[in-house]
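Enquirer: Take a look at my_file20.txt, compact mmCIF, C-alpha atoms:
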```txt
# COMPACT_ATOMS: atom_id res chain seq x y z
CA MET A 300 -5.08 -3.70 -0.93
CA LEU A 301 -8.22 -2.07 -2.33
CA VAL A 302 -11.69 -2.32 -0.82
CA ARG A 303 -14.89 -2.24 -2.86
CA TRP A 304 -18.55 -2.40 -1.83
CA LYS A 305 -20.37 -4.93 -3.99
CA LYS A 306 -24.16 -4.58 -3.86
CA THR A 307 -26.62 -7.48 -4.07
CA ASP A 308 -27.39 -6.61 -7.70
CA GLY A 309 -23.71 -7.02 -8.60
CA SER A 310 -22.95 -3.32 -9.03
CA VAL A 311 -19.90 -1.88 -7.28
CA VAL A 312 -19.79 1.25 -5.13
CA SER A 313 -16.44 3.04 -5.28
CA PRO A 314 -14.54 3.87 -2.06
CA GLY A 315 -14.97 7.57 -2.81
CA GLU A 316 -18.69 7.17 -2.18
CA PHE A 317 -18.64 5.29 1.12
CA ILE A 318 -15.31 5.81 2.91
CA SER A 319 -16.20 9.33 4.05
CA LEU A 320 -19.49 7.98 5.46
CA PHE A 321 -17.61 5.26 7.36
CA GLU A 322 -15.25 7.89 8.74
CA ARG A 323 -18.11 10.07 9.97
CA ASP A 324 -19.89 7.15 11.64
CA GLY A 325 -16.74 5.68 13.17
CA LEU A 326 -17.11 2.45 11.20
CA ILE A 327 -13.82 3.00 9.37
CA VAL A 328 -11.90 1.51 12.33
CA ARG A 329 -13.82 -1.76 11.95
CA LEU A 330 -13.40 -1.72 8.18
CA ASP A 331 -9.64 -1.11 8.46
CA GLU A 332 -9.27 -4.04 10.86
CA TYR A 333 -11.43 -6.30 8.70
CA VAL A 334 -9.28 -5.60 5.64
CA PHE A 335 -6.09 -6.08 7.67
CA ARG A 336 -7.29 -9.47 8.99
CA ARG A 337 -8.23 -10.63 5.48
CA VAL A 338 -4.81 -9.68 4.15
CA CYS A 339 -3.06 -11.50 7.01
CA GLN A 340 -5.16 -14.61 6.34
CA MET A 341 -4.30 -14.45 2.64
CA GLN A 342 -0.60 -14.08 3.36
CA GLN A 343 -0.73 -16.99 5.81
CA LYS A 344 -2.30 -19.18 3.10
CA LEU A 345 0.30 -18.20 0.49
CA ILE A 346 3.23 -18.75 2.85
CA ARG A 347 1.97 -22.21 3.74
CA GLU A 348 1.45 -23.18 0.12
CA TYR A 349 4.44 -21.57 -1.57
CA GLY A 350 6.85 -20.24 1.05
CA SER A 351 6.86 -16.81 -0.56
CA VAL A 352 4.50 -13.84 -0.81
CA PHE A 353 4.14 -10.41 -2.30
CA PRO A 354 3.92 -7.88 0.51
CA ILE A 355 0.38 -6.45 0.49
CA SER A 356 0.16 -3.00 2.06
CA VAL A 357 -2.85 -1.88 4.06
CA ASN A 358 -3.91 1.74 4.48
CA LEU A 359 -4.81 3.03 7.93
CA SER A 360 -7.21 5.93 8.33
CA ARG A 361 -6.61 8.75 10.80
CA ASN A 362 -9.38 7.30 12.96
CA SER A 363 -7.62 3.94 13.22
CA LEU A 364 -4.25 5.52 13.90
CA HIS A 365 -5.59 7.26 16.98
CA TYR A 366 -7.79 4.42 18.19
CA PRO A 367 -6.55 3.25 21.63
CA GLY A 368 -4.38 0.13 21.44
CA MET A 369 -4.58 -0.08 17.63
CA ILE A 370 -0.90 -0.85 17.05
CA GLU A 371 -0.84 -3.60 19.67
CA ARG A 372 -4.08 -5.02 18.26
CA TYR A 373 -2.62 -5.24 14.76
CA ALA A 374 0.55 -6.82 16.12
CA ARG A 375 -1.60 -9.51 17.79
CA ILE A 376 -3.44 -10.20 14.53
CA VAL A 377 -0.09 -10.75 12.78
CA LYS A 378 1.05 -13.07 15.56
CA GLU A 379 -2.20 -15.06 15.43
CA ALA A 380 -1.76 -15.52 11.67
CA GLN A 381 1.81 -16.71 12.29
CA ILE A 382 3.24 -14.39 9.69
CA SER A 383 5.83 -11.62 9.72
CA ALA A 384 4.75 -7.99 9.92
CA GLN A 385 7.16 -7.51 7.01
CA VAL A 386 4.57 -8.92 4.58
CA VAL A 387 1.81 -6.49 5.60
CA PRO A 388 3.27 -2.97 5.30
CA ILE A 389 1.24 -0.08 6.70
CA GLU A 390 0.33 2.86 4.45
CA LEU A 391 -0.09 6.36 5.81
CA THR A 392 -1.76 8.72 3.36
CA GLU A 393 0.35 11.83 2.86
CA SER A 394 -2.53 13.75 1.28
CA SER A 395 -4.99 13.14 4.12
CA GLY A 396 -4.33 16.51 5.75
CA MET A 397 -2.87 14.70 8.75
CA GLN A 398 -0.16 16.46 10.71
CA MET A 399 2.24 13.54 10.47
CA ILE A 400 4.67 15.05 12.95
CA GLN A 401 1.98 14.39 15.56
CA ILE A 402 2.08 10.65 14.93
CA LYS A 403 5.85 10.26 15.05
CA GLU A 404 5.70 8.16 18.24
CA LEU A 405 3.03 5.89 16.71
CA ALA A 406 5.08 5.47 13.54
CA GLN A 407 8.21 4.59 15.50
CA LYS A 408 6.21 2.00 17.44
CA MET A 409 4.95 0.40 14.22
CA VAL A 410 8.49 0.13 12.91
CA SER A 411 9.72 -1.35 16.21
CA LEU A 412 7.06 -4.07 15.84
CA GLY A 413 8.33 -4.89 12.36
CA PHE A 414 5.82 -3.10 10.11
CA PRO A 415 7.37 -1.40 7.05
CA LEU A 416 5.85 2.07 6.58
CA HIS A 417 4.73 3.42 3.20
CA MET A 418 3.96 7.07 2.50
CA ASP A 419 0.97 6.86 0.18
CA ASP A 420 -0.17 9.44 -2.41
CA PHE A 421 3.06 11.46 -2.35
CA GLY A 422 2.62 14.31 -4.79
CA ALA A 423 -1.14 14.67 -4.32
CA GLY A 424 -2.12 18.01 -2.79
CA TYR A 425 0.53 19.84 -0.78
CA SER A 426 3.23 17.27 -0.11
CA SER A 427 5.52 18.01 2.79
CA LEU A 428 9.20 17.17 2.50
CA GLY A 429 9.34 17.59 6.26
CA ASN A 430 7.34 14.38 6.62
CA LEU A 431 10.11 12.47 4.83
CA ASN A 432 12.59 13.73 7.38
CA SER A 433 10.41 13.29 10.46
CA LEU A 434 8.92 9.83 10.00
CA PRO A 435 10.63 6.46 9.40
CA PHE A 436 9.18 5.59 6.00
CA HIS A 437 10.57 2.62 4.10
CA VAL A 438 8.72 3.25 0.82
CA LEU A 439 7.61 6.42 -0.95
CA LYS A 440 4.57 5.84 -3.17
CA LEU A 441 4.34 8.32 -6.03
CA ASP A 442 0.79 9.46 -6.71
CA LYS A 443 -0.65 8.88 -10.18
CA SER A 444 -0.87 12.65 -10.68
CA LEU A 445 2.95 12.74 -10.84
CA VAL A 446 3.17 9.72 -13.14
CA ASP A 447 0.72 11.37 -15.55
CA TYR A 448 3.27 14.15 -16.15
CA ILE A 449 5.84 11.75 -17.61
CA GLY A 450 6.75 13.04 -21.05
CA ASN A 451 6.59 16.64 -19.92
CA TYR A 452 10.07 18.12 -19.35
CA ARG A 453 9.31 19.63 -15.96
CA GLY A 454 7.34 16.57 -14.89
CA ASN A 455 10.28 14.35 -15.78
CA GLN A 456 12.68 16.51 -13.80
CA VAL A 457 10.41 16.52 -10.74
CA LEU A 458 10.26 12.72 -10.77
CA ARG A 459 14.02 12.35 -11.27
CA HIS A 460 14.72 14.52 -8.24
CA ILE A 461 12.05 12.96 -6.02
CA ILE A 462 13.37 9.47 -6.73
CA SER A 463 16.95 10.58 -6.15
CA LEU A 464 15.96 12.27 -2.88
CA ALA A 465 14.05 9.20 -1.66
CA HIS A 466 16.99 6.92 -2.45
CA GLY A 467 19.33 9.32 -0.68
CA LEU A 468 17.12 9.01 2.42
CA GLY A 469 17.27 5.23 2.23
CA MET A 470 13.75 4.70 0.89
CA GLU A 471 12.48 2.65 -2.01
CA VAL A 472 10.14 4.30 -4.53
CA LEU A 473 6.91 2.81 -5.85
CA ALA A 474 5.03 4.43 -8.73
CA GLU A 475 1.25 4.04 -8.80
CA GLY A 476 -1.18 4.34 -11.69
CA VAL A 477 1.23 3.42 -14.49
CA GLU A 478 -0.65 2.82 -17.73
CA THR A 479 1.74 3.04 -20.69
CA GLN A 480 4.98 1.50 -21.94
CA ALA A 481 6.53 4.98 -22.14
CA GLN A 482 5.86 5.54 -18.45
CA VAL A 483 7.33 2.16 -17.54
CA GLN A 484 10.44 2.82 -19.61
CA PHE A 485 11.02 6.26 -18.08
CA LEU A 486 10.52 5.01 -14.51
CA ARG A 487 12.96 2.18 -15.08
CA GLU A 488 15.52 4.60 -16.53
CA VAL A 489 15.35 6.88 -13.49
CA GLY A 490 15.64 4.01 -11.00
CA CYS A 491 12.09 3.59 -9.70
CA ASP A 492 12.13 0.41 -7.59
CA VAL A 493 8.55 -0.83 -8.01
CA ILE A 494 6.01 -0.02 -10.73
CA GLN A 495 2.32 -0.83 -10.54
CA GLY A 496 -0.79 0.06 -12.49
CA TYR A 497 -3.17 -0.94 -15.25
CA TYR A 498 -0.22 -1.47 -17.62
CA PHE A 499 0.42 -4.73 -15.75
CA SER A 500 -3.01 -5.55 -14.34
CA LYS A 501 -6.24 -4.05 -13.17
CA PRO A 502 -7.16 -4.65 -9.50
CA LEU A 503 -8.12 -8.31 -9.08
CA PRO A 504 -10.65 -10.00 -6.81
CA GLU A 505 -8.99 -12.11 -4.13
CA GLU A 506 -9.82 -15.39 -5.90
CA ARG A 507 -8.32 -14.23 -9.21
CA PHE A 508 -5.22 -12.88 -7.47
CA LEU A 509 -4.64 -16.24 -5.75
CA GLU A 510 -5.09 -18.04 -9.08
CA THR A 511 -2.51 -15.74 -10.68
CA VAL A 512 0.00 -16.38 -7.89
CA ALA A 513 -0.55 -20.13 -8.31
CA GLN A 514 0.15 -19.82 -12.05
CA TRP A 515 3.42 -17.97 -11.38
CA HIS A 516 4.56 -20.67 -9.00
CA ASN A 517 3.55 -23.42 -11.42
CA LEU A 518 5.79 -21.74 -13.99
CA HIS A 519 8.57 -21.56 -11.36
CA THR A 520 8.57 -17.76 -11.62
CA GLU A 521 10.55 -16.04 -8.87
CA CYS A 522 8.17 -13.73 -7.05
CA GLY A 523 7.80 -12.00 -3.73
CA LEU A 524 9.61 -12.45 -0.45
CA HIS A 525 10.84 -15.91 0.47
CA ILE A 526 9.91 -16.79 4.02
CA GLU A 527 12.11 -19.21 5.91
```
What would you get if you wrote out this structure as structure tokens?

Expert:
Amino acid sequence: MLVRWKKTDGSVVSPGEFISLFERDGLIVRLDEYVFRRVCQMQQKLIREYGSVFPISVNLSRNSLHYPGMIERYARIVKEAQISAQVVPIELTESSGMQMIQIKELAQKMVSLGFPLHMDDFGAGYSSLGNLNSLPFHVLKLDKSLVDYIGNYRGNQVLRHIISLAHGLGMEVLAEGVETQAQVQFLREVGCDVIQGYYFSKPLPEERFLETVAQWHNLHTECGLHIE
């Protein structure tokens, strides 16, 4: 789930320009919760209409992770929406500089409440293999910087081994920022589980996304998780 700041004149401010400000002012906790609530409401709507959804992951900032009672608060939001935590995975950003070993107890608590955990931006900056061993991640999200090396011999080998390692640890692998057919073909050949990026679609406004889901269902296309 991506957040954008749309100004009254219709122009869009990128997250890179305002997220750091929100973090400094402490507003990021409110923004994180707002986005999480919106996603839960969207998933509730889709489940009621179609009985299936695509899991939509939501990133939590360091501020939100350490905010008192955050995990319980998010669990209540899920319960109020009458959905499963399974359809709103939580993303922890591997490149944030966070000492993830320090949040092991929080991560375990999230998992015990049913939230799948995604390690976001793996491969950006100084990735720590120790984090893969210490925390109960379900999905490893490959940063676009790794995907961009596809076609380079060493880049290909790095991706092969990362995907093999993740599978060996019982994790699925999601590649972000995929833009070409060659990248898609290589990722499929090496067993990447999920592929996303501009090759398939640019980020969509909520209304357009819901319209697209409706079209898939009208065409009887199998998609997402089926909720009993």

Enquirer: Do you know which residues are at most 12 Å from range 465-479 of chain A counting all atoms listed in the file, after dropping those on the same chain fewer than 6 positions away, and could you put them as a PyMOL selection string?

Expert: chain A and resi 356+415-423+428+430-450+458-459+485-487+489-502

Enquirer: So that I can check the surroundings of Asn358 in chain A, please list as a list in words every protein, DNA and RNA residue that reaches within 7 Å of it, counting only C-alpha atoms and ignoring chain neighbours fewer than 5 positions away.

Expert: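 Skipping anything fewer than 5 positions along the chain leaves Ile389, Glu390 and Leu391 of chain A.
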
Enquirer: Restricting the calculation to all atoms listed in the file: of A:Ser313, A:Asn455, A:Gln381, A:Ser319, which residue gets closest to Ile346 in chain A?

Expert: A:Gln381

Enquirer: Please indicate the distance in Å from CA of Leu330 in chain A to CA of Thr392 in chain A, rounded to one decimal place.

Expert: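 Computing it gives 16.4 Å between the two atoms.
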
Enquirer: Hey, can you check how far CA of Ser411 in chain A sits from CA of Arg336 in chain A?

Expert: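 Going from CA of Ser411 in chain A over to CA of Arg336 in chain A, I get 20.2 Å.
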
Enquirer: Could you check how far CA of Gly413 in chain A sits from CA of Asn362 in chain A, in Å to one decimal?

Expert: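 The value is 21.5 Å.
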
Enquirer: A:Gln343, A:Ser351, A:Ser463, A:Ser363: which is nearest Glu379 in chain A, counting all atoms listed in the file?

Expert: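 For Glu379 in chain A, the nearest of the given residues is A:Gln343.
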
Enquirer: Quick one: of A:Gly309, A:Gly368, A:Gly429, A:Pro504, who's nearest to Met409 in chain A, counting only C-alpha atoms?

Expert: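 When distances to Met409 in chain A are compared using only C-alpha atoms, the smallest one comes from A:Gly368.
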
Enquirer: May I have the residues within 10 Å of Val328 in chain A as a list in words, using all atoms listed in the file and disregarding those fewer than 4 positions away in the same chain?

Expert: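 The residues that qualify are Phe321, Glu322, Asp324, Glu332, Tyr333, Leu359, Ser360, Arg361, Asn362, Ser363, Leu364, His365, Tyr366 and Met369 of chain A.
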